[in-house]
>>> print(open('my_file-v1.txt').read())   # compact mmCIF, N, CA and C atoms
# COMPACT_ATOMS: atom_id res chain seq x y z
N MET A 1 -10.14 -14.18 2.37
CA MET A 1 -9.19 -14.35 1.31
C MET A 1 -8.18 -13.21 1.38
N GLU A 2 -6.91 -13.54 1.29
CA GLU A 2 -5.85 -12.54 1.39
C GLU A 2 -5.13 -12.39 0.07
N LYS A 3 -4.81 -11.16 -0.27
CA LYS A 3 -4.06 -10.86 -1.50
C LYS A 3 -3.03 -9.80 -1.18
N SER A 4 -1.99 -9.78 -1.98
CA SER A 4 -0.98 -8.72 -1.85
C SER A 4 -1.36 -7.60 -2.81
N VAL A 5 -1.24 -6.36 -2.32
CA VAL A 5 -1.59 -5.20 -3.14
C VAL A 5 -0.50 -4.15 -3.03
N GLN A 6 -0.46 -3.26 -4.03
CA GLN A 6 0.46 -2.12 -3.94
C GLN A 6 -0.26 -0.86 -4.38
N PHE A 7 0.10 0.23 -3.72
CA PHE A 7 -0.43 1.55 -4.04
C PHE A 7 0.75 2.44 -4.40
N SER A 8 0.65 3.17 -5.48
CA SER A 8 1.71 4.09 -5.89
C SER A 8 1.31 5.52 -5.54
N VAL A 9 2.28 6.23 -4.98
CA VAL A 9 2.06 7.64 -4.63
C VAL A 9 3.29 8.44 -5.01
N PRO A 10 3.13 9.74 -5.26
CA PRO A 10 4.30 10.59 -5.50
C PRO A 10 5.15 10.69 -4.23
N TRP A 11 6.44 10.90 -4.39
CA TRP A 11 7.33 11.02 -3.24
C TRP A 11 6.85 12.06 -2.24
N ARG A 12 6.29 13.15 -2.70
CA ARG A 12 5.88 14.22 -1.78
C ARG A 12 4.77 13.78 -0.82
N GLU A 13 4.03 12.72 -1.16
CA GLU A 13 2.97 12.22 -0.29
C GLU A 13 3.41 11.04 0.58
N ALA A 14 4.59 10.50 0.32
CA ALA A 14 5.04 9.29 1.01
C ALA A 14 5.13 9.45 2.52
N THR A 15 5.64 10.58 2.99
CA THR A 15 5.78 10.79 4.43
C THR A 15 4.43 10.80 5.13
N ARG A 16 3.45 11.45 4.52
CA ARG A 16 2.10 11.49 5.11
C ARG A 16 1.52 10.09 5.19
N ILE A 17 1.72 9.30 4.15
CA ILE A 17 1.20 7.93 4.12
C ILE A 17 1.87 7.07 5.19
N VAL A 18 3.20 7.19 5.32
CA VAL A 18 3.93 6.40 6.31
C VAL A 18 3.41 6.69 7.71
N LYS A 19 3.18 7.95 8.02
CA LYS A 19 2.67 8.31 9.35
C LYS A 19 1.31 7.68 9.61
N ARG A 20 0.47 7.63 8.59
CA ARG A 20 -0.88 7.08 8.79
C ARG A 20 -0.88 5.56 8.91
N ILE A 21 -0.04 4.87 8.15
CA ILE A 21 -0.07 3.41 8.22
C ILE A 21 0.80 2.86 9.35
N LYS A 22 1.67 3.70 9.91
CA LYS A 22 2.51 3.26 11.02
C LYS A 22 1.67 2.81 12.21
N THR A 23 0.59 3.51 12.47
CA THR A 23 -0.27 3.17 13.61
C THR A 23 -1.10 1.92 13.36
N SER A 24 -1.23 1.49 12.12
CA SER A 24 -2.07 0.33 11.80
C SER A 24 -1.37 -0.99 12.04
N LYS A 25 -0.04 -0.99 12.13
CA LYS A 25 0.77 -2.18 12.33
C LYS A 25 0.64 -3.19 11.19
N LEU A 26 0.29 -2.70 10.01
CA LEU A 26 0.26 -3.56 8.83
C LEU A 26 1.69 -3.75 8.32
N ARG A 27 1.98 -4.95 7.85
CA ARG A 27 3.29 -5.19 7.25
C ARG A 27 3.31 -4.58 5.85
N TYR A 28 4.40 -3.91 5.51
CA TYR A 28 4.54 -3.33 4.18
C TYR A 28 6.00 -3.09 3.88
N PHE A 29 6.30 -2.90 2.62
CA PHE A 29 7.61 -2.41 2.23
C PHE A 29 7.42 -1.40 1.11
N VAL A 30 8.44 -0.58 0.93
CA VAL A 30 8.39 0.50 -0.05
C VAL A 30 9.40 0.19 -1.14
N LYS A 31 8.99 0.40 -2.40
CA LYS A 31 9.95 0.21 -3.49
C LYS A 31 9.87 1.39 -4.45
N GLN A 32 11.04 1.78 -4.94
CA GLN A 32 11.14 2.87 -5.90
C GLN A 32 10.68 2.39 -7.26
N GLN A 33 9.84 3.19 -7.91
CA GLN A 33 9.39 2.89 -9.26
C GLN A 33 10.49 3.36 -10.21
N GLU A 34 11.09 2.46 -10.94
CA GLU A 34 12.20 2.81 -11.82
C GLU A 34 11.76 3.80 -12.89
N GLY A 35 12.49 4.89 -12.99
CA GLY A 35 12.22 5.90 -14.00
C GLY A 35 11.00 6.76 -13.71
N LYS A 36 10.47 6.69 -12.50
CA LYS A 36 9.29 7.48 -12.15
C LYS A 36 9.56 8.31 -10.91
N THR A 37 8.72 9.27 -10.69
CA THR A 37 8.85 10.11 -9.49
C THR A 37 7.86 9.67 -8.42
N SER A 38 7.56 8.39 -8.42
CA SER A 38 6.64 7.86 -7.43
C SER A 38 7.27 6.68 -6.70
N VAL A 39 6.64 6.31 -5.63
CA VAL A 39 7.09 5.20 -4.81
C VAL A 39 5.90 4.28 -4.60
N ALA A 40 6.16 2.97 -4.51
CA ALA A 40 5.07 2.01 -4.33
C ALA A 40 5.12 1.44 -2.92
N PHE A 41 3.98 1.44 -2.25
CA PHE A 41 3.82 0.80 -0.96
C PHE A 41 3.22 -0.58 -1.24
N VAL A 42 3.93 -1.63 -0.86
CA VAL A 42 3.49 -3.00 -1.13
C VAL A 42 3.07 -3.64 0.19
N PHE A 43 1.86 -4.17 0.20
CA PHE A 43 1.30 -4.80 1.40
C PHE A 43 1.06 -6.27 1.11
N PRO A 44 1.87 -7.17 1.72
CA PRO A 44 1.67 -8.60 1.48
C PRO A 44 0.49 -9.15 2.26
N ARG A 45 -0.32 -9.92 1.58
CA ARG A 45 -1.41 -10.68 2.18
C ARG A 45 -2.31 -9.86 3.10
N VAL A 46 -3.07 -8.95 2.52
CA VAL A 46 -4.03 -8.17 3.30
C VAL A 46 -5.43 -8.77 3.16
N SER A 47 -6.19 -8.67 4.22
CA SER A 47 -7.58 -9.14 4.20
C SER A 47 -8.46 -8.07 3.55
N VAL A 48 -9.70 -8.40 3.35
CA VAL A 48 -10.63 -7.45 2.74
C VAL A 48 -10.78 -6.20 3.61
N SER A 49 -10.92 -6.38 4.92
CA SER A 49 -11.09 -5.22 5.80
C SER A 49 -9.83 -4.35 5.81
N GLN A 50 -8.65 -4.97 5.75
CA GLN A 50 -7.41 -4.20 5.68
C GLN A 50 -7.32 -3.45 4.35
N TYR A 51 -7.76 -4.09 3.27
CA TYR A 51 -7.75 -3.43 1.96
C TYR A 51 -8.64 -2.19 1.98
N VAL A 52 -9.80 -2.30 2.59
CA VAL A 52 -10.71 -1.15 2.67
C VAL A 52 -10.04 -0.02 3.45
N TYR A 53 -9.40 -0.34 4.55
CA TYR A 53 -8.67 0.66 5.33
C TYR A 53 -7.61 1.35 4.47
N LEU A 54 -6.83 0.55 3.74
CA LEU A 54 -5.79 1.10 2.88
C LEU A 54 -6.37 1.94 1.76
N TYR A 55 -7.48 1.51 1.22
CA TYR A 55 -8.13 2.27 0.14
C TYR A 55 -8.56 3.65 0.64
N ILE A 56 -9.02 3.71 1.88
CA ILE A 56 -9.41 4.99 2.47
C ILE A 56 -8.16 5.88 2.64
N ILE A 57 -7.06 5.32 3.09
CA ILE A 57 -5.83 6.09 3.30
C ILE A 57 -5.27 6.61 1.98
N PHE A 58 -5.22 5.76 0.98
CA PHE A 58 -4.59 6.14 -0.29
C PHE A 58 -5.54 6.87 -1.22
N GLY A 59 -6.78 6.95 -0.89
CA GLY A 59 -7.73 7.68 -1.72
C GLY A 59 -8.09 6.93 -2.99
N PRO A 60 -8.44 7.67 -4.02
CA PRO A 60 -8.97 7.04 -5.23
C PRO A 60 -7.92 6.42 -6.14
N ARG A 61 -6.67 6.33 -5.69
CA ARG A 61 -5.64 5.71 -6.52
C ARG A 61 -5.96 4.23 -6.73
N ALA A 62 -5.69 3.76 -7.91
CA ALA A 62 -5.93 2.34 -8.20
C ALA A 62 -4.86 1.50 -7.52
N ALA A 63 -5.27 0.38 -6.99
CA ALA A 63 -4.33 -0.55 -6.37
C ALA A 63 -4.09 -1.70 -7.33
N ASP A 64 -2.90 -2.18 -7.35
CA ASP A 64 -2.55 -3.34 -8.15
C ASP A 64 -2.53 -4.56 -7.27
N VAL A 65 -3.30 -5.58 -7.64
CA VAL A 65 -3.27 -6.85 -6.92
C VAL A 65 -2.07 -7.62 -7.46
N LEU A 66 -1.16 -8.00 -6.57
CA LEU A 66 0.09 -8.59 -7.01
C LEU A 66 0.02 -10.10 -7.19
N ASN A 67 -0.70 -10.80 -6.32
CA ASN A 67 -0.82 -12.25 -6.48
C ASN A 67 -2.04 -12.75 -5.74
N ASN A 68 -2.33 -14.01 -5.87
CA ASN A 68 -3.54 -14.58 -5.26
C ASN A 68 -3.18 -15.44 -4.07
N ASP A 69 -2.65 -14.85 -3.03
CA ASP A 69 -2.40 -15.59 -1.78
C ASP A 69 -3.73 -15.79 -1.10
N SER A 70 -4.15 -17.01 -0.98
CA SER A 70 -5.45 -17.26 -0.34
C SER A 70 -5.30 -18.19 0.84
N LYS A 71 -4.20 -18.03 1.59
CA LYS A 71 -3.96 -18.86 2.78
C LYS A 71 -4.64 -18.29 3.97
>>> encode(input="my_file-v1.txt", output="structure tokens")
Amino acid sequence: MEKSVQFSVPWREATRIVKRIKTSKLRYFVKQQEGKTSVAFVFPRVSVSQYVYLYIIFGPRAADVLNNDSK
């Protein structure tokens, strides 16, 4: 089952995160959180194993499930 998720991080951590996920070849896009000093990394349609990998990279931050893509 695949779902889209997003992880929010402060701008100061964004470069470190980009370097780590660049090698994974996961599709993602970055969006600015309006009125906040953080940025959101959005990953469309990730599998459970990809989610676990991302959870390890982003640490204990809560992820938001964006929709129920189950294709």
>>> select_by_dssp(input="my_file-v1.txt", residues="chain A", states="helix (DSSP H, G or I)", output="number ranges by chain")
A: 11-22, 48-58
>>> atom_distance(input="my_file-v1.txt", atom1="CA of Glu2 in chain A", atom2="CA of Ser47 in chain A")
4.7 Å
>>> atom_distance(input="my_file-v1.txt", atom1="CA of Tyr55 in chain A", atom2="CA of Val5 in chain A")
10.5 Å
>>> decode(input="my_file-v1.txt", residues="range 4-54 of chain A", atoms="N, CA and C atoms", output="mmCIF file, in the first residue's frame")
data_model
loop_
_atom_site.group_PDB
_atom_site.id
_atom_site.type_symbol
_atom_site.label_atom_id
_atom_site.label_comp_id
_atom_site.auth_asym_id
_atom_site.auth_seq_id
_atom_site.Cartn_x
_atom_site.Cartn_y
_atom_site.Cartn_z
ATOM 1 N N SER A 4 1.161 9.066 0.325
ATOM 2 C CA SER A 4 2.024 10.241 0.246
ATOM 3 C C SER A 4 2.212 10.784 1.657
ATOM 4 N N VAL A 5 3.450 11.150 1.975
ATOM 5 C CA VAL A 5 3.754 11.676 3.308
ATOM 6 C C VAL A 5 4.606 12.926 3.187
ATOM 7 N N GLN A 6 4.590 13.727 4.255
ATOM 8 C CA GLN A 6 5.491 14.882 4.297
ATOM 9 C C GLN A 6 6.123 14.980 5.668
ATOM 10 N N PHE A 7 7.372 15.416 5.667
ATOM 11 C CA PHE A 7 8.131 15.638 6.890
ATOM 12 C C PHE A 7 8.545 17.101 6.915
ATOM 13 N N SER A 8 8.356 17.765 8.024
ATOM 14 C CA SER A 8 8.758 19.164 8.166
ATOM 15 C C SER A 8 10.045 19.249 8.971
ATOM 16 N N VAL A 9 10.951 20.076 8.463
ATOM 17 C CA VAL A 9 12.226 20.294 9.156
ATOM 18 C C VAL A 9 12.559 21.777 9.110
ATOM 19 N N PRO A 10 13.350 22.264 10.067
ATOM 20 C CA PRO A 10 13.822 23.655 10.005
ATOM 21 C C PRO A 10 14.749 23.835 8.800
ATOM 22 N N TRP A 11 14.801 25.041 8.273
ATOM 23 C CA TRP A 11 15.666 25.326 7.125
ATOM 24 C C TRP A 11 17.106 24.907 7.374
ATOM 25 N N ARG A 12 17.597 25.070 8.577
ATOM 26 C CA ARG A 12 19.013 24.765 8.850
ATOM 27 C C ARG A 12 19.328 23.279 8.674
ATOM 28 N N GLU A 13 18.317 22.410 8.725
ATOM 29 C CA GLU A 13 18.532 20.977 8.536
ATOM 30 C C GLU A 13 18.251 20.506 7.111
ATOM 31 N N ALA A 14 17.679 21.360 6.285
ATOM 32 C CA ALA A 14 17.247 20.962 4.946
ATOM 33 C C ALA A 14 18.391 20.456 4.072
ATOM 34 N N THR A 15 19.535 21.110 4.115
ATOM 35 C CA THR A 15 20.667 20.693 3.285
ATOM 36 C C THR A 15 21.141 19.296 3.649
ATOM 37 N N ARG A 16 21.220 19.012 4.942
ATOM 38 C CA ARG A 16 21.641 17.678 5.392
ATOM 39 C C ARG A 16 20.659 16.619 4.907
ATOM 40 N N ILE A 17 19.374 16.917 4.981
ATOM 41 C CA ILE A 17 18.345 15.974 4.551
ATOM 42 C C ILE A 17 18.433 15.729 3.049
ATOM 43 N N VAL A 18 18.607 16.798 2.266
ATOM 44 C CA VAL A 18 18.698 16.665 0.812
ATOM 45 C C VAL A 18 19.854 15.757 0.433
ATOM 46 N N LYS A 19 20.994 15.928 1.070
ATOM 47 C CA LYS A 19 22.154 15.087 0.763
ATOM 48 C C LYS A 19 21.868 13.614 1.046
ATOM 49 N N ARG A 20 21.139 13.346 2.117
ATOM 50 C CA ARG A 20 20.867 11.950 2.477
ATOM 51 C C ARG A 20 19.831 11.305 1.564
ATOM 52 N N ILE A 21 18.807 12.040 1.158
ATOM 53 C CA ILE A 21 17.772 11.419 0.326
ATOM 54 C C ILE A 21 18.135 11.426 -1.154
ATOM 55 N N LYS A 22 19.127 12.227 -1.536
ATOM 56 C CA LYS A 22 19.555 12.267 -2.928
ATOM 57 C C LYS A 22 20.031 10.895 -3.404
ATOM 58 N N THR A 23 20.714 10.175 -2.553
ATOM 59 C CA THR A 23 21.233 8.860 -2.926
ATOM 60 C C THR A 23 20.146 7.796 -2.982
ATOM 61 N N SER A 24 18.991 8.057 -2.395
ATOM 62 C CA SER A 24 17.921 7.055 -2.359
ATOM 63 C C SER A 24 17.105 7.008 -3.639
ATOM 64 N N LYS A 25 17.165 8.052 -4.454
ATOM 65 C CA LYS A 25 16.420 8.159 -5.704
ATOM 66 C C LYS A 25 14.907 8.153 -5.501
ATOM 67 N N LEU A 26 14.473 8.557 -4.312
ATOM 68 C CA LEU A 26 13.042 8.705 -4.061
ATOM 69 C C LEU A 26 12.563 10.015 -4.687
ATOM 70 N N ARG A 27 11.352 9.983 -5.234
ATOM 71 C CA ARG A 27 10.774 11.217 -5.761
ATOM 72 C C ARG A 27 10.282 12.062 -4.596
ATOM 73 N N TYR A 28 10.547 13.361 -4.661
ATOM 74 C CA TYR A 28 10.076 14.269 -3.617
ATOM 75 C C TYR A 28 10.056 15.687 -4.150
ATOM 76 N N PHE A 29 9.343 16.541 -3.453
ATOM 77 C CA PHE A 29 9.442 17.966 -3.711
ATOM 78 C C PHE A 29 9.430 18.686 -2.379
ATOM 79 N N VAL A 30 9.915 19.913 -2.406
ATOM 80 C CA VAL A 30 10.052 20.711 -1.193
ATOM 81 C C VAL A 30 9.085 21.883 -1.292
ATOM 82 N N LYS A 31 8.389 22.167 -0.187
ATOM 83 C CA LYS A 31 7.522 23.345 -0.188
ATOM 84 C C LYS A 31 7.745 24.148 1.088
ATOM 85 N N GLN A 32 7.693 25.460 0.918
ATOM 86 C CA GLN A 32 7.857 26.382 2.037
ATOM 87 C C GLN A 32 6.583 26.401 2.863
ATOM 88 N N GLN A 33 6.733 26.301 4.172
ATOM 89 C CA GLN A 33 5.602 26.400 5.080
ATOM 90 C C GLN A 33 5.307 27.881 5.275
ATOM 91 N N GLU A 34 4.149 28.332 4.870
ATOM 92 C CA GLU A 34 3.812 29.756 4.954
ATOM 93 C C GLU A 34 3.820 30.243 6.397
ATOM 94 N N GLY A 35 4.558 31.305 6.630
ATOM 95 C CA GLY A 35 4.625 31.907 7.950
ATOM 96 C C GLY A 35 5.458 31.127 8.959
ATOM 97 N N LYS A 36 6.220 30.151 8.502
ATOM 98 C CA LYS A 36 7.037 29.346 9.412
ATOM 99 C C LYS A 36 8.486 29.362 8.954
ATOM 100 N N THR A 37 9.350 28.955 9.844
ATOM 101 C CA THR A 37 10.778 28.874 9.509
ATOM 102 C C THR A 37 11.168 27.442 9.195
ATOM 103 N N SER A 38 10.224 26.698 8.661
ATOM 104 C CA SER A 38 10.509 25.313 8.312
ATOM 105 C C SER A 38 10.124 25.057 6.856
ATOM 106 N N VAL A 39 10.576 23.944 6.371
ATOM 107 C CA VAL A 39 10.305 23.527 5.005
ATOM 108 C C VAL A 39 9.769 22.100 5.064
ATOM 109 N N ALA A 40 8.863 21.769 4.143
ATOM 110 C CA ALA A 40 8.274 20.427 4.130
ATOM 111 C C ALA A 40 8.803 19.641 2.942
ATOM 112 N N PHE A 41 9.258 18.431 3.204
ATOM 113 C CA PHE A 41 9.653 17.493 2.163
ATOM 114 C C PHE A 41 8.453 16.586 1.923
ATOM 115 N N VAL A 42 7.926 16.595 0.703
ATOM 116 C CA VAL A 42 6.738 15.815 0.370
ATOM 117 C C VAL A 42 7.153 14.660 -0.536
ATOM 118 N N PHE A 43 6.776 13.462 -0.135
ATOM 119 C CA PHE A 43 7.116 12.242 -0.875
ATOM 120 C C PHE A 43 5.828 11.601 -1.373
ATOM 121 N N PRO A 44 5.587 11.644 -2.702
ATOM 122 C CA PRO A 44 4.366 11.033 -3.228
ATOM 123 C C PRO A 44 4.490 9.521 -3.321
ATOM 124 N N ARG A 45 3.461 8.853 -2.864
ATOM 125 C CA ARG A 45 3.301 7.406 -3.016
ATOM 126 C C ARG A 45 4.529 6.596 -2.587
ATOM 127 N N VAL A 46 4.807 6.578 -1.303
ATOM 128 C CA VAL A 46 5.908 5.769 -0.788
ATOM 129 C C VAL A 46 5.373 4.456 -0.229
ATOM 130 N N SER A 47 6.160 3.421 -0.364
ATOM 131 C CA SER A 47 5.796 2.116 0.194
ATOM 132 C C SER A 47 6.147 2.093 1.679
ATOM 133 N N VAL A 48 5.775 1.034 2.339
ATOM 134 C CA VAL A 48 6.059 0.907 3.770
ATOM 135 C C VAL A 48 7.566 0.902 4.018
ATOM 136 N N SER A 49 8.318 0.163 3.212
ATOM 137 C CA SER A 49 9.771 0.104 3.422
ATOM 138 C C SER A 49 10.423 1.464 3.160
ATOM 139 N N GLN A 50 9.921 2.208 2.175
ATOM 140 C CA GLN A 50 10.444 3.550 1.922
ATOM 141 C C GLN A 50 10.101 4.477 3.083
ATOM 142 N N TYR A 51 8.903 4.335 3.634
ATOM 143 C CA TYR A 51 8.506 5.162 4.782
ATOM 144 C C TYR A 51 9.426 4.909 5.968
ATOM 145 N N VAL A 52 9.762 3.662 6.216
ATOM 146 C CA VAL A 52 10.664 3.331 7.318
ATOM 147 C C VAL A 52 12.023 3.991 7.087
ATOM 148 N N TYR A 53 12.523 3.917 5.877
ATOM 149 C CA TYR A 53 13.796 4.563 5.537
ATOM 150 C C TYR A 53 13.721 6.066 5.816
ATOM 151 N N LEU A 54 12.642 6.702 5.368
ATOM 152 C CA LEU A 54 12.470 8.136 5.585
ATOM 153 C C LEU A 54 12.330 8.467 7.061
#
